[in-house]
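Chemist: Sending over upload-v9.cif (mmCIF, N, CA and C atoms).
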```
data_coords
#
loop_
_atom_site.group_PDB
_atom_site.id
_atom_site.type_symbol
_atom_site.label_atom_id
_atom_site.label_comp_id
_atom_site.auth_asym_id
_atom_site.auth_seq_id
_atom_site.Cartn_x
_atom_site.Cartn_y
_atom_site.Cartn_z
ATOM 1 N N MET A 29 -21.994 -17.352 -14.549
ATOM 2 C CA MET A 29 -21.598 -17.706 -13.194
ATOM 3 C C MET A 29 -22.869 -17.845 -12.362
ATOM 4 N N ASN A 30 -23.044 -18.989 -11.774
ATOM 5 C CA ASN A 30 -24.224 -19.202 -10.935
ATOM 6 C C ASN A 30 -23.915 -18.841 -9.478
ATOM 7 N N THR A 31 -24.920 -18.991 -8.643
ATOM 8 C CA THR A 31 -24.742 -18.571 -7.245
ATOM 9 C C THR A 31 -23.764 -19.462 -6.491
ATOM 10 N N ASP A 32 -23.684 -20.737 -6.857
ATOM 11 C CA ASP A 32 -22.731 -21.624 -6.183
ATOM 12 C C ASP A 32 -21.291 -21.213 -6.470
ATOM 13 N N SER A 33 -21.017 -20.868 -7.717
ATOM 14 C CA SER A 33 -19.664 -20.436 -8.085
ATOM 15 C C SER A 33 -19.304 -19.124 -7.407
ATOM 16 N N ALA A 34 -20.265 -18.202 -7.389
ATOM 17 C CA ALA A 34 -20.010 -16.911 -6.751
ATOM 18 C C ALA A 34 -19.790 -17.071 -5.251
ATOM 19 N N SER A 35 -20.583 -17.915 -4.616
ATOM 20 C CA SER A 35 -20.403 -18.103 -3.170
ATOM 21 C C SER A 35 -19.087 -18.815 -2.866
ATOM 22 N N TYR A 36 -18.668 -19.730 -3.752
ATOM 23 C CA TYR A 36 -17.384 -20.404 -3.553
ATOM 24 C C TYR A 36 -16.228 -19.406 -3.669
ATOM 25 N N LEU A 37 -16.276 -18.536 -4.684
ATOM 26 C CA LEU A 37 -15.220 -17.528 -4.837
ATOM 27 C C LEU A 37 -15.215 -16.548 -3.665
ATOM 28 N N LEU A 38 -16.388 -16.164 -3.189
ATOM 29 C CA LEU A 38 -16.445 -15.259 -2.037
ATOM 30 C C LEU A 38 -15.914 -15.926 -0.771
ATOM 31 N N THR A 39 -16.193 -17.211 -0.614
ATOM 32 C CA THR A 39 -15.660 -17.942 0.539
ATOM 33 C C THR A 39 -14.140 -17.996 0.489
ATOM 34 N N GLU A 40 -13.602 -18.292 -0.683
ATOM 35 C CA GLU A 40 -12.146 -18.317 -0.846
ATOM 36 C C GLU A 40 -11.545 -16.932 -0.624
ATOM 37 N N LEU A 41 -12.227 -15.899 -1.112
ATOM 38 C CA LEU A 41 -11.752 -14.527 -0.922
ATOM 39 C C LEU A 41 -11.676 -14.174 0.556
ATOM 40 N N MET A 42 -12.694 -14.538 1.312
ATOM 41 C CA MET A 42 -12.698 -14.236 2.744
ATOM 42 C C MET A 42 -11.609 -15.003 3.489
ATOM 43 N N SER A 43 -11.369 -16.244 3.096
ATOM 44 C CA SER A 43 -10.319 -17.002 3.781
ATOM 45 C C SER A 43 -8.939 -16.436 3.466
ATOM 46 N N VAL A 44 -8.712 -16.018 2.226
ATOM 47 C CA VAL A 44 -7.426 -15.407 1.868
ATOM 48 C C VAL A 44 -7.264 -14.065 2.577
ATOM 49 N N ALA A 45 -8.330 -13.282 2.629
ATOM 50 C CA ALA A 45 -8.260 -11.989 3.320
ATOM 51 C C ALA A 45 -7.955 -12.178 4.801
ATOM 52 N N PHE A 46 -8.554 -13.189 5.416
ATOM 53 C CA PHE A 46 -8.269 -13.469 6.827
ATOM 54 C C PHE A 46 -6.820 -13.898 7.013
ATOM 55 N N LEU A 47 -6.324 -14.749 6.118
ATOM 56 C CA LEU A 47 -4.936 -15.208 6.228
ATOM 57 C C LEU A 47 -3.945 -14.063 6.051
ATOM 58 N N VAL A 48 -4.251 -13.130 5.167
ATOM 59 C CA VAL A 48 -3.328 -12.019 4.915
ATOM 60 C C VAL A 48 -3.363 -11.007 6.061
ATOM 61 N N CYS A 49 -4.542 -10.721 6.581
ATOM 62 C CA CYS A 49 -4.675 -9.670 7.598
ATOM 63 C C CYS A 49 -4.390 -10.131 9.023
ATOM 64 N N SER A 50 -4.620 -11.397 9.312
ATOM 65 C CA SER A 50 -4.542 -11.844 10.702
ATOM 66 C C SER A 50 -3.167 -11.701 11.352
ATOM 67 N N PRO A 51 -2.036 -11.987 10.683
ATOM 68 C CA PRO A 51 -0.760 -11.803 11.392
ATOM 69 C C PRO A 51 -0.520 -10.364 11.836
ATOM 70 N N VAL A 52 -0.860 -9.420 10.979
ATOM 71 C CA VAL A 52 -0.651 -8.008 11.315
ATOM 72 C C VAL A 52 -1.570 -7.598 12.460
ATOM 73 N N LEU A 53 -2.821 -8.026 12.404
ATOM 74 C CA LEU A 53 -3.759 -7.659 13.461
ATOM 75 C C LEU A 53 -3.392 -8.283 14.801
ATOM 76 N N PHE A 54 -2.948 -9.533 14.782
ATOM 77 C CA PHE A 54 -2.571 -10.188 16.038
ATOM 78 C C PHE A 54 -1.307 -9.578 16.645
ATOM 79 N N VAL A 55 -0.369 -9.173 15.809
ATOM 80 C CA VAL A 55 0.828 -8.500 16.326
ATOM 81 C C VAL A 55 0.444 -7.160 16.945
ATOM 82 N N ALA A 56 -0.415 -6.400 16.272
ATOM 83 C CA ALA A 56 -0.857 -5.117 16.824
ATOM 84 C C ALA A 56 -1.611 -5.317 18.136
ATOM 85 N N LEU A 57 -2.431 -6.348 18.196
ATOM 86 C CA LEU A 57 -3.160 -6.642 19.428
ATOM 87 C C LEU A 57 -2.212 -7.027 20.555
ATOM 88 N N GLY A 58 -1.249 -7.885 20.263
ATOM 89 C CA GLY A 58 -0.297 -8.317 21.284
ATOM 90 C C GLY A 58 0.552 -7.179 21.812
ATOM 91 N N VAL A 59 1.052 -6.354 20.908
ATOM 92 C CA VAL A 59 1.869 -5.215 21.338
ATOM 93 C C VAL A 59 1.020 -4.229 22.127
ATOM 94 N N GLY A 60 -0.208 -4.006 21.701
ATOM 95 C CA GLY A 60 -1.096 -3.102 22.428
ATOM 96 C C GLY A 60 -1.380 -3.576 23.838
ATOM 97 N N VAL A 61 -1.610 -4.872 23.992
ATOM 98 C CA VAL A 61 -1.871 -5.425 25.329
ATOM 99 C C VAL A 61 -0.626 -5.316 26.204
ATOM 100 N N LEU A 62 0.540 -5.648 25.650
ATOM 101 C CA LEU A 62 1.776 -5.555 26.439
ATOM 102 C C LEU A 62 2.064 -4.120 26.873
ATOM 103 N N ILE A 63 1.876 -3.179 25.973
ATOM 104 C CA ILE A 63 2.117 -1.775 26.324
ATOM 105 C C ILE A 63 1.087 -1.303 27.351
ATOM 106 N N SER A 64 -0.149 -1.739 27.223
ATOM 107 C CA SER A 64 -1.168 -1.360 28.210
ATOM 108 C C SER A 64 -0.841 -1.914 29.588
ATOM 109 N N ILE A 65 -0.371 -3.153 29.638
ATOM 110 C CA ILE A 65 0.039 -3.730 30.927
ATOM 111 C C ILE A 65 1.208 -2.939 31.505
ATOM 112 N N LEU A 66 2.163 -2.574 30.662
ATOM 113 C CA LEU A 66 3.299 -1.765 31.107
ATOM 114 C C LEU A 66 2.833 -0.415 31.640
ATOM 115 N N GLN A 67 1.854 0.195 30.980
ATOM 116 C CA GLN A 67 1.344 1.481 31.444
ATOM 117 C C GLN A 67 0.620 1.348 32.783
ATOM 118 N N VAL A 68 -0.107 0.267 32.966
ATOM 119 C CA VAL A 68 -0.814 0.071 34.233
ATOM 120 C C VAL A 68 0.179 -0.152 35.367
ATOM 121 N N VAL A 69 1.215 -0.938 35.108
ATOM 122 C CA VAL A 69 2.196 -1.244 36.148
ATOM 123 C C VAL A 69 2.992 -0.003 36.526
ATOM 124 N N THR A 70 3.404 0.779 35.538
ATOM 125 C CA THR A 70 4.249 1.943 35.816
ATOM 126 C C THR A 70 3.456 3.231 35.990
ATOM 127 N N GLN A 71 2.154 3.198 35.754
ATOM 128 C CA GLN A 71 1.262 4.353 35.865
ATOM 129 C C GLN A 71 1.680 5.501 34.957
ATOM 130 N N ILE A 72 2.191 5.158 33.788
ATOM 131 C CA ILE A 72 2.510 6.164 32.772
ATOM 132 C C ILE A 72 1.289 6.296 31.876
ATOM 133 N N GLN A 73 0.809 7.507 31.660
ATOM 134 C CA GLN A 73 -0.393 7.715 30.849
ATOM 135 C C GLN A 73 -0.079 8.502 29.576
ATOM 136 N N GLU A 74 0.998 8.182 28.937
ATOM 137 C CA GLU A 74 1.401 8.856 27.703
ATOM 138 C C GLU A 74 0.775 8.126 26.513
ATOM 139 N N MET A 75 0.009 8.834 25.691
ATOM 140 C CA MET A 75 -0.702 8.199 24.583
ATOM 141 C C MET A 75 0.230 7.782 23.449
ATOM 142 N N THR A 76 1.316 8.516 23.240
ATOM 143 C CA THR A 76 2.231 8.143 22.157
ATOM 144 C C THR A 76 3.001 6.876 22.486
ATOM 145 N N LEU A 77 3.028 6.498 23.744
ATOM 146 C CA LEU A 77 3.722 5.274 24.138
ATOM 147 C C LEU A 77 3.051 4.037 23.545
ATOM 148 N N THR A 78 1.752 4.093 23.309
ATOM 149 C CA THR A 78 1.068 2.950 22.700
ATOM 150 C C THR A 78 1.161 2.977 21.184
ATOM 151 N N PHE A 79 1.193 4.157 20.598
ATOM 152 C CA PHE A 79 1.137 4.263 19.140
ATOM 153 C C PHE A 79 2.442 3.874 18.462
ATOM 154 N N VAL A 80 3.549 4.389 18.930
ATOM 155 C CA VAL A 80 4.836 4.176 18.256
ATOM 156 C C VAL A 80 5.261 2.704 18.261
ATOM 157 N N PRO A 81 5.224 1.991 19.387
ATOM 158 C CA PRO A 81 5.606 0.569 19.323
ATOM 159 C C PRO A 81 4.680 -0.263 18.439
ATOM 160 N N LYS A 82 3.374 0.057 18.475
ATOM 161 C CA LYS A 82 2.444 -0.669 17.609
ATOM 162 C C LYS A 82 2.747 -0.411 16.143
ATOM 163 N N MET A 83 3.035 0.833 15.815
ATOM 164 C CA MET A 83 3.350 1.185 14.439
ATOM 165 C C MET A 83 4.621 0.478 13.979
ATOM 166 N N LEU A 84 5.637 0.445 14.821
ATOM 167 C CA LEU A 84 6.886 -0.232 14.463
ATOM 168 C C LEU A 84 6.693 -1.742 14.342
ATOM 169 N N ALA A 85 5.907 -2.328 15.237
ATOM 170 C CA ALA A 85 5.661 -3.771 15.176
ATOM 171 C C ALA A 85 4.868 -4.147 13.931
ATOM 172 N N VAL A 86 3.873 -3.352 13.591
ATOM 173 C CA VAL A 86 3.082 -3.628 12.387
ATOM 174 C C VAL A 86 3.932 -3.449 11.138
ATOM 175 N N ALA A 87 4.751 -2.406 11.097
ATOM 176 C CA ALA A 87 5.624 -2.198 9.937
ATOM 177 C C ALA A 87 6.625 -3.343 9.803
ATOM 178 N N GLY A 88 7.186 -3.789 10.916
ATOM 179 C CA GLY A 88 8.119 -4.915 10.870
ATOM 180 C C GLY A 88 7.451 -6.203 10.425
ATOM 181 N N THR A 89 6.228 -6.437 10.901
ATOM 182 C CA THR A 89 5.492 -7.635 10.492
ATOM 183 C C THR A 89 5.185 -7.603 9.006
ATOM 184 N N ILE A 90 4.782 -6.457 8.514
ATOM 185 C CA ILE A 90 4.491 -6.339 7.081
ATOM 186 C C ILE A 90 5.756 -6.547 6.265
ATOM 187 N N MET A 91 6.877 -5.996 6.720
ATOM 188 C CA MET A 91 8.128 -6.182 5.976
ATOM 189 C C MET A 91 8.564 -7.642 5.988
ATOM 190 N N LEU A 92 8.410 -8.320 7.123
ATOM 191 C CA LEU A 92 8.821 -9.722 7.207
ATOM 192 C C LEU A 92 7.914 -10.654 6.406
ATOM 193 N N LEU A 93 6.623 -10.375 6.407
ATOM 194 C CA LEU A 93 5.667 -11.284 5.785
ATOM 195 C C LEU A 93 5.155 -10.817 4.427
ATOM 196 N N SER A 94 5.693 -9.730 3.897
ATOM 197 C CA SER A 94 5.161 -9.195 2.641
ATOM 198 C C SER A 94 5.324 -10.168 1.482
ATOM 199 N N ASN A 95 6.420 -10.896 1.427
ATOM 200 C CA ASN A 95 6.623 -11.861 0.349
ATOM 201 C C ASN A 95 5.552 -12.946 0.397
ATOM 202 N N TRP A 96 5.284 -13.467 1.583
ATOM 203 C CA TRP A 96 4.253 -14.494 1.741
ATOM 204 C C TRP A 96 2.866 -13.946 1.405
ATOM 205 N N MET A 97 2.577 -12.725 1.878
ATOM 206 C CA MET A 97 1.270 -12.122 1.616
ATOM 207 C C MET A 97 1.045 -11.901 0.126
ATOM 208 N N LEU A 98 2.044 -11.336 -0.542
ATOM 209 C CA LEU A 98 1.906 -11.082 -1.976
ATOM 210 C C LEU A 98 1.812 -12.379 -2.766
ATOM 211 N N ASN A 99 2.544 -13.402 -2.360
ATOM 212 C CA ASN A 99 2.464 -14.693 -3.035
ATOM 213 C C ASN A 99 1.071 -15.302 -2.868
ATOM 214 N N LEU A 100 0.507 -15.204 -1.677
ATOM 215 C CA LEU A 100 -0.837 -15.724 -1.432
ATOM 216 C C LEU A 100 -1.878 -14.974 -2.264
ATOM 217 N N LEU A 101 -1.749 -13.661 -2.338
ATOM 218 C CA LEU A 101 -2.678 -12.876 -3.148
ATOM 219 C C LEU A 101 -2.523 -13.174 -4.632
ATOM 220 N N LYS A 102 -1.287 -13.384 -5.078
ATOM 221 C CA LYS A 102 -1.047 -13.721 -6.483
ATOM 222 C C LYS A 102 -1.670 -15.067 -6.821
ATOM 223 N N GLU A 103 -1.485 -16.053 -5.938
ATOM 224 C CA GLU A 103 -2.064 -17.377 -6.171
ATOM 225 C C GLU A 103 -3.589 -17.322 -6.192
ATOM 226 N N PHE A 104 -4.175 -16.519 -5.314
ATOM 227 C CA PHE A 104 -5.631 -16.404 -5.319
ATOM 228 C C PHE A 104 -6.125 -15.722 -6.587
ATOM 229 N N THR A 105 -5.413 -14.708 -7.046
ATOM 230 C CA THR A 105 -5.809 -14.033 -8.277
ATOM 231 C C THR A 105 -5.740 -14.977 -9.465
ATOM 232 N N GLU A 106 -4.663 -15.745 -9.557
ATOM 233 C CA GLU A 106 -4.547 -16.723 -10.640
ATOM 234 C C GLU A 106 -5.660 -17.761 -10.548
ATOM 235 N N PHE A 107 -5.933 -18.242 -9.341
ATOM 236 C CA PHE A 107 -7.006 -19.214 -9.147
ATOM 237 C C PHE A 107 -8.351 -18.639 -9.585
ATOM 238 N N SER A 108 -8.603 -17.375 -9.236
ATOM 239 C CA SER A 108 -9.876 -16.749 -9.596
ATOM 240 C C SER A 108 -10.037 -16.650 -11.104
ATOM 241 N N PHE A 109 -8.973 -16.257 -11.804
ATOM 242 C CA PHE A 109 -9.060 -16.141 -13.258
ATOM 243 C C PHE A 109 -9.227 -17.507 -13.913
ATOM 244 N N TYR A 110 -8.497 -18.514 -13.436
ATOM 245 C CA TYR A 110 -8.644 -19.857 -13.995
ATOM 246 C C TYR A 110 -10.027 -20.425 -13.699
ATOM 247 N N TYR A 111 -10.525 -20.161 -12.505
ATOM 248 C CA TYR A 111 -11.850 -20.654 -12.134
ATOM 249 C C TYR A 111 -12.928 -19.974 -12.973
ATOM 250 N N ALA A 112 -12.800 -18.656 -13.162
ATOM 251 C CA ALA A 112 -13.786 -17.923 -13.961
ATOM 252 C C ALA A 112 -13.719 -18.334 -15.432
ATOM 253 N N ALA A 113 -12.532 -18.648 -15.923
ATOM 254 C CA ALA A 113 -12.403 -19.064 -17.323
ATOM 255 C C ALA A 113 -13.008 -20.443 -17.546
ATOM 256 N N GLY A 114 -13.028 -21.268 -16.523
ATOM 257 C CA GLY A 114 -13.575 -22.611 -16.651
ATOM 258 C C GLY A 114 -15.085 -22.676 -16.559
ATOM 259 N N LEU A 115 -15.722 -21.569 -16.264
ATOM 260 C CA LEU A 115 -17.188 -21.578 -16.143
ATOM 261 C C LEU A 115 -17.855 -21.520 -17.490
#
```
Would you mind writing the structure in this file as structure tokens?

Modeler:
Amino acid sequence: MNTDSASYLLTELMSVAFLVCSPVLFVALGVGVLISILQVVTQIQEMTLTFVPKMLAVAGTIMLLSNWMLNLLKEFTEFSFYYAAGL
């Protein structure tokens, strides 16, 4: 395996990792911002108020998108093995 092949596989790995992680991170960010705005408006300073909704939103996102995430990871793994076998 030369450096071009390794850099190509690493580039593909990073793009797949971004695709898998980004929906969960964006949902957590969105829920966190909404809860923070709610806390500022109502002047509630309870720390568990931010944690529980974020945890539920992230768990729901993972449950909804787990099939897509696992399929994407499976396809990348197959691609990596086929690509490595062709070298």

Chemist: State, in Å with one decimal place, the distance from atom CA of A:Met97 to atom CA of A:Ile63.

Modeler: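 Taking atom CA of A:Met97 as the start and atom CA of A:Ile63 as the end point, the length is 26.8 Å.
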
Chemist: What separation in Å, quoted to one decimal, exists between atom CA of A:Gly114 and atom CA of A:Leu98?

Modeler: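 According to the coordinates, atom CA of A:Gly114 and atom CA of A:Leu98 are separated by 24.2 Å.
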
Chemist: Just to confirm, what's the straight-line distance from atom C of A:Ala113 to atom CA of A:Asp32 in Å (one decimal)?

Modeler: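 Value for the atom C of A:Ala113-atom CA of A:Asp32 distance: 15.0 Å.
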
Chemist: A:Thr78: which residues within 8 Å, counting only N, CA and C atoms, same-chain residues fewer than 6 positions away excluded, as a ChimeraX atom specification?

Modeler: /A:59-60,63-64

Chemist: Generate the output file for the selected residues, N, CA and C atoms, as an mmCIF file, in the frame of the given file.

Modeler:
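What follows is the written file out19.cif:
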```cif
data_model
loop_
_atom_site.group_PDB
_atom_site.id
_atom_site.type_symbol
_atom_site.label_atom_id
_atom_site.label_comp_id
_atom_site.auth_asym_id
_atom_site.auth_seq_id
_atom_site.Cartn_x
_atom_site.Cartn_y
_atom_site.Cartn_z
ATOM 1 N N VAL A 59 1.052 -6.354 20.908
ATOM 2 C CA VAL A 59 1.869 -5.215 21.338
ATOM 3 C C VAL A 59 1.020 -4.229 22.127
ATOM 4 N N GLY A 60 -0.208 -4.006 21.701
ATOM 5 C CA GLY A 60 -1.096 -3.102 22.428
ATOM 6 C C GLY A 60 -1.380 -3.576 23.838
ATOM 7 N N ILE A 63 1.876 -3.179 25.973
ATOM 8 C CA ILE A 63 2.117 -1.775 26.324
ATOM 9 C C ILE A 63 1.087 -1.303 27.351
ATOM 10 N N SER A 64 -0.149 -1.739 27.223
ATOM 11 C CA SER A 64 -1.168 -1.360 28.210
ATOM 12 C C SER A 64 -0.841 -1.914 29.588
#
```

Chemist: The PyMOL selection byres (((chain A and resi 81-83 and name CA) around 12) and name CA) on the file shown: which residues, as a PDB file with N, CA and C atoms, in the frame of the given file?

Modeler:
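Output below, filename result.pdb:
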```pdb
ATOM      1  N   VAL A  52      -0.860  -9.420  10.979  1.00  0.00           N
ATOM      2  CA  VAL A  52      -0.651  -8.008  11.315  1.00  0.00           C
ATOM      3  C   VAL A  52      -1.570  -7.598  12.460  1.00  0.00           C
ATOM      4  N   LEU A  53      -2.821  -8.026  12.404  1.00  0.00           N
ATOM      5  CA  LEU A  53      -3.759  -7.659  13.461  1.00  0.00           C
ATOM      6  C   LEU A  53      -3.392  -8.283  14.801  1.00  0.00           C
ATOM      7  N   PHE A  54      -2.948  -9.533  14.782  1.00  0.00           N
ATOM      8  CA  PHE A  54      -2.571 -10.188  16.038  1.00  0.00           C
ATOM      9  C   PHE A  54      -1.307  -9.578  16.645  1.00  0.00           C
ATOM     10  N   VAL A  55      -0.369  -9.173  15.809  1.00  0.00           N
ATOM     11  CA  VAL A  55       0.828  -8.500  16.326  1.00  0.00           C
ATOM     12  C   VAL A  55       0.444  -7.160  16.945  1.00  0.00           C
ATOM     13  N   ALA A  56      -0.415  -6.400  16.272  1.00  0.00           N
ATOM     14  CA  ALA A  56      -0.857  -5.117  16.824  1.00  0.00           C
ATOM     15  C   ALA A  56      -1.611  -5.317  18.136  1.00  0.00           C
ATOM     16  N   LEU A  57      -2.431  -6.348  18.196  1.00  0.00           N
ATOM     17  CA  LEU A  57      -3.160  -6.642  19.428  1.00  0.00           C
ATOM     18  C   LEU A  57      -2.212  -7.027  20.555  1.00  0.00           C
ATOM     19  N   GLY A  58      -1.249  -7.885  20.263  1.00  0.00           N
ATOM     20  CA  GLY A  58      -0.297  -8.317  21.284  1.00  0.00           C
ATOM     21  C   GLY A  58       0.552  -7.179  21.812  1.00  0.00           C
ATOM     22  N   VAL A  59       1.052  -6.354  20.908  1.00  0.00           N
ATOM     23  CA  VAL A  59       1.869  -5.215  21.338  1.00  0.00           C
ATOM     24  C   VAL A  59       1.020  -4.229  22.127  1.00  0.00           C
ATOM     25  N   GLY A  60      -0.208  -4.006  21.701  1.00  0.00           N
ATOM     26  CA  GLY A  60      -1.096  -3.102  22.428  1.00  0.00           C
ATOM     27  C   GLY A  60      -1.380  -3.576  23.838  1.00  0.00           C
ATOM     28  N   VAL A  61      -1.610  -4.872  23.992  1.00  0.00           N
ATOM     29  CA  VAL A  61      -1.871  -5.425  25.329  1.00  0.00           C
ATOM     30  C   VAL A  61      -0.626  -5.316  26.204  1.00  0.00           C
ATOM     31  N   LEU A  62       0.540  -5.648  25.650  1.00  0.00           N
ATOM     32  CA  LEU A  62       1.776  -5.555  26.439  1.00  0.00           C
ATOM     33  C   LEU A  62       2.064  -4.120  26.873  1.00  0.00           C
ATOM     34  N   ILE A  63       1.876  -3.179  25.973  1.00  0.00           N
ATOM     35  CA  ILE A  63       2.117  -1.775  26.324  1.00  0.00           C
ATOM     36  C   ILE A  63       1.087  -1.303  27.351  1.00  0.00           C
ATOM     37  N   SER A  64      -0.149  -1.739  27.223  1.00  0.00           N
ATOM     38  CA  SER A  64      -1.168  -1.360  28.210  1.00  0.00           C
ATOM     39  C   SER A  64      -0.841  -1.914  29.588  1.00  0.00           C
ATOM     40  N   MET A  75       0.009   8.834  25.691  1.00  0.00           N
ATOM     41  CA  MET A  75      -0.702   8.199  24.583  1.00  0.00           C
ATOM     42  C   MET A  75       0.230   7.782  23.449  1.00  0.00           C
ATOM     43  N   THR A  76       1.316   8.516  23.240  1.00  0.00           N
ATOM     44  CA  THR A  76       2.231   8.143  22.157  1.00  0.00           C
ATOM     45  C   THR A  76       3.001   6.876  22.486  1.00  0.00           C
ATOM     46  N   LEU A  77       3.028   6.498  23.744  1.00  0.00           N
ATOM     47  CA  LEU A  77       3.722   5.274  24.138  1.00  0.00           C
ATOM     48  C   LEU A  77       3.051   4.037  23.545  1.00  0.00           C
ATOM     49  N   THR A  78       1.752   4.093  23.309  1.00  0.00           N
ATOM     50  CA  THR A  78       1.068   2.950  22.700  1.00  0.00           C
ATOM     51  C   THR A  78       1.161   2.977  21.184  1.00  0.00           C
ATOM     52  N   PHE A  79       1.193   4.157  20.598  1.00  0.00           N
ATOM     53  CA  PHE A  79       1.137   4.263  19.140  1.00  0.00           C
ATOM     54  C   PHE A  79       2.442   3.874  18.462  1.00  0.00           C
ATOM     55  N   VAL A  80       3.549   4.389  18.930  1.00  0.00           N
ATOM     56  CA  VAL A  80       4.836   4.176  18.256  1.00  0.00           C
ATOM     57  C   VAL A  80       5.261   2.704  18.261  1.00  0.00           C
ATOM     58  N   LEU A  84       5.637   0.445  14.821  1.00  0.00           N
ATOM     59  CA  LEU A  84       6.886  -0.232  14.463  1.00  0.00           C
ATOM     60  C   LEU A  84       6.693  -1.742  14.342  1.00  0.00           C
ATOM     61  N   ALA A  85       5.907  -2.328  15.237  1.00  0.00           N
ATOM     62  CA  ALA A  85       5.661  -3.771  15.176  1.00  0.00           C
ATOM     63  C   ALA A  85       4.868  -4.147  13.931  1.00  0.00           C
ATOM     64  N   VAL A  86       3.873  -3.352  13.591  1.00  0.00           N
ATOM     65  CA  VAL A  86       3.082  -3.628  12.387  1.00  0.00           C
ATOM     66  C   VAL A  86       3.932  -3.449  11.138  1.00  0.00           C
ATOM     67  N   ALA A  87       4.751  -2.406  11.097  1.00  0.00           N
ATOM     68  CA  ALA A  87       5.624  -2.198   9.937  1.00  0.00           C
ATOM     69  C   ALA A  87       6.625  -3.343   9.803  1.00  0.00           C
ATOM     70  N   GLY A  88       7.186  -3.789  10.916  1.00  0.00           N
ATOM     71  CA  GLY A  88       8.119  -4.915  10.870  1.00  0.00           C
ATOM     72  C   GLY A  88       7.451  -6.203  10.425  1.00  0.00           C
ATOM     73  N   THR A  89       6.228  -6.437  10.901  1.00  0.00           N
ATOM     74  CA  THR A  89       5.492  -7.635  10.492  1.00  0.00           C
ATOM     75  C   THR A  89       5.185  -7.603   9.006  1.00  0.00           C
ATOM     76  N   ILE A  90       4.782  -6.457   8.514  1.00  0.00           N
ATOM     77  CA  ILE A  90       4.491  -6.339   7.081  1.00  0.00           C
ATOM     78  C   ILE A  90       5.756  -6.547   6.265  1.00  0.00           C
TER      79      ILE A  90
END
```

Chemist: Taking the file as shown, find all residues satisfying the PyMOL selection byres ((chain A and resi 102-112) around 8) and write them as a PyMOL selection string.

Modeler: chain A and resi 29+37+40-41+44+96-101+113-115
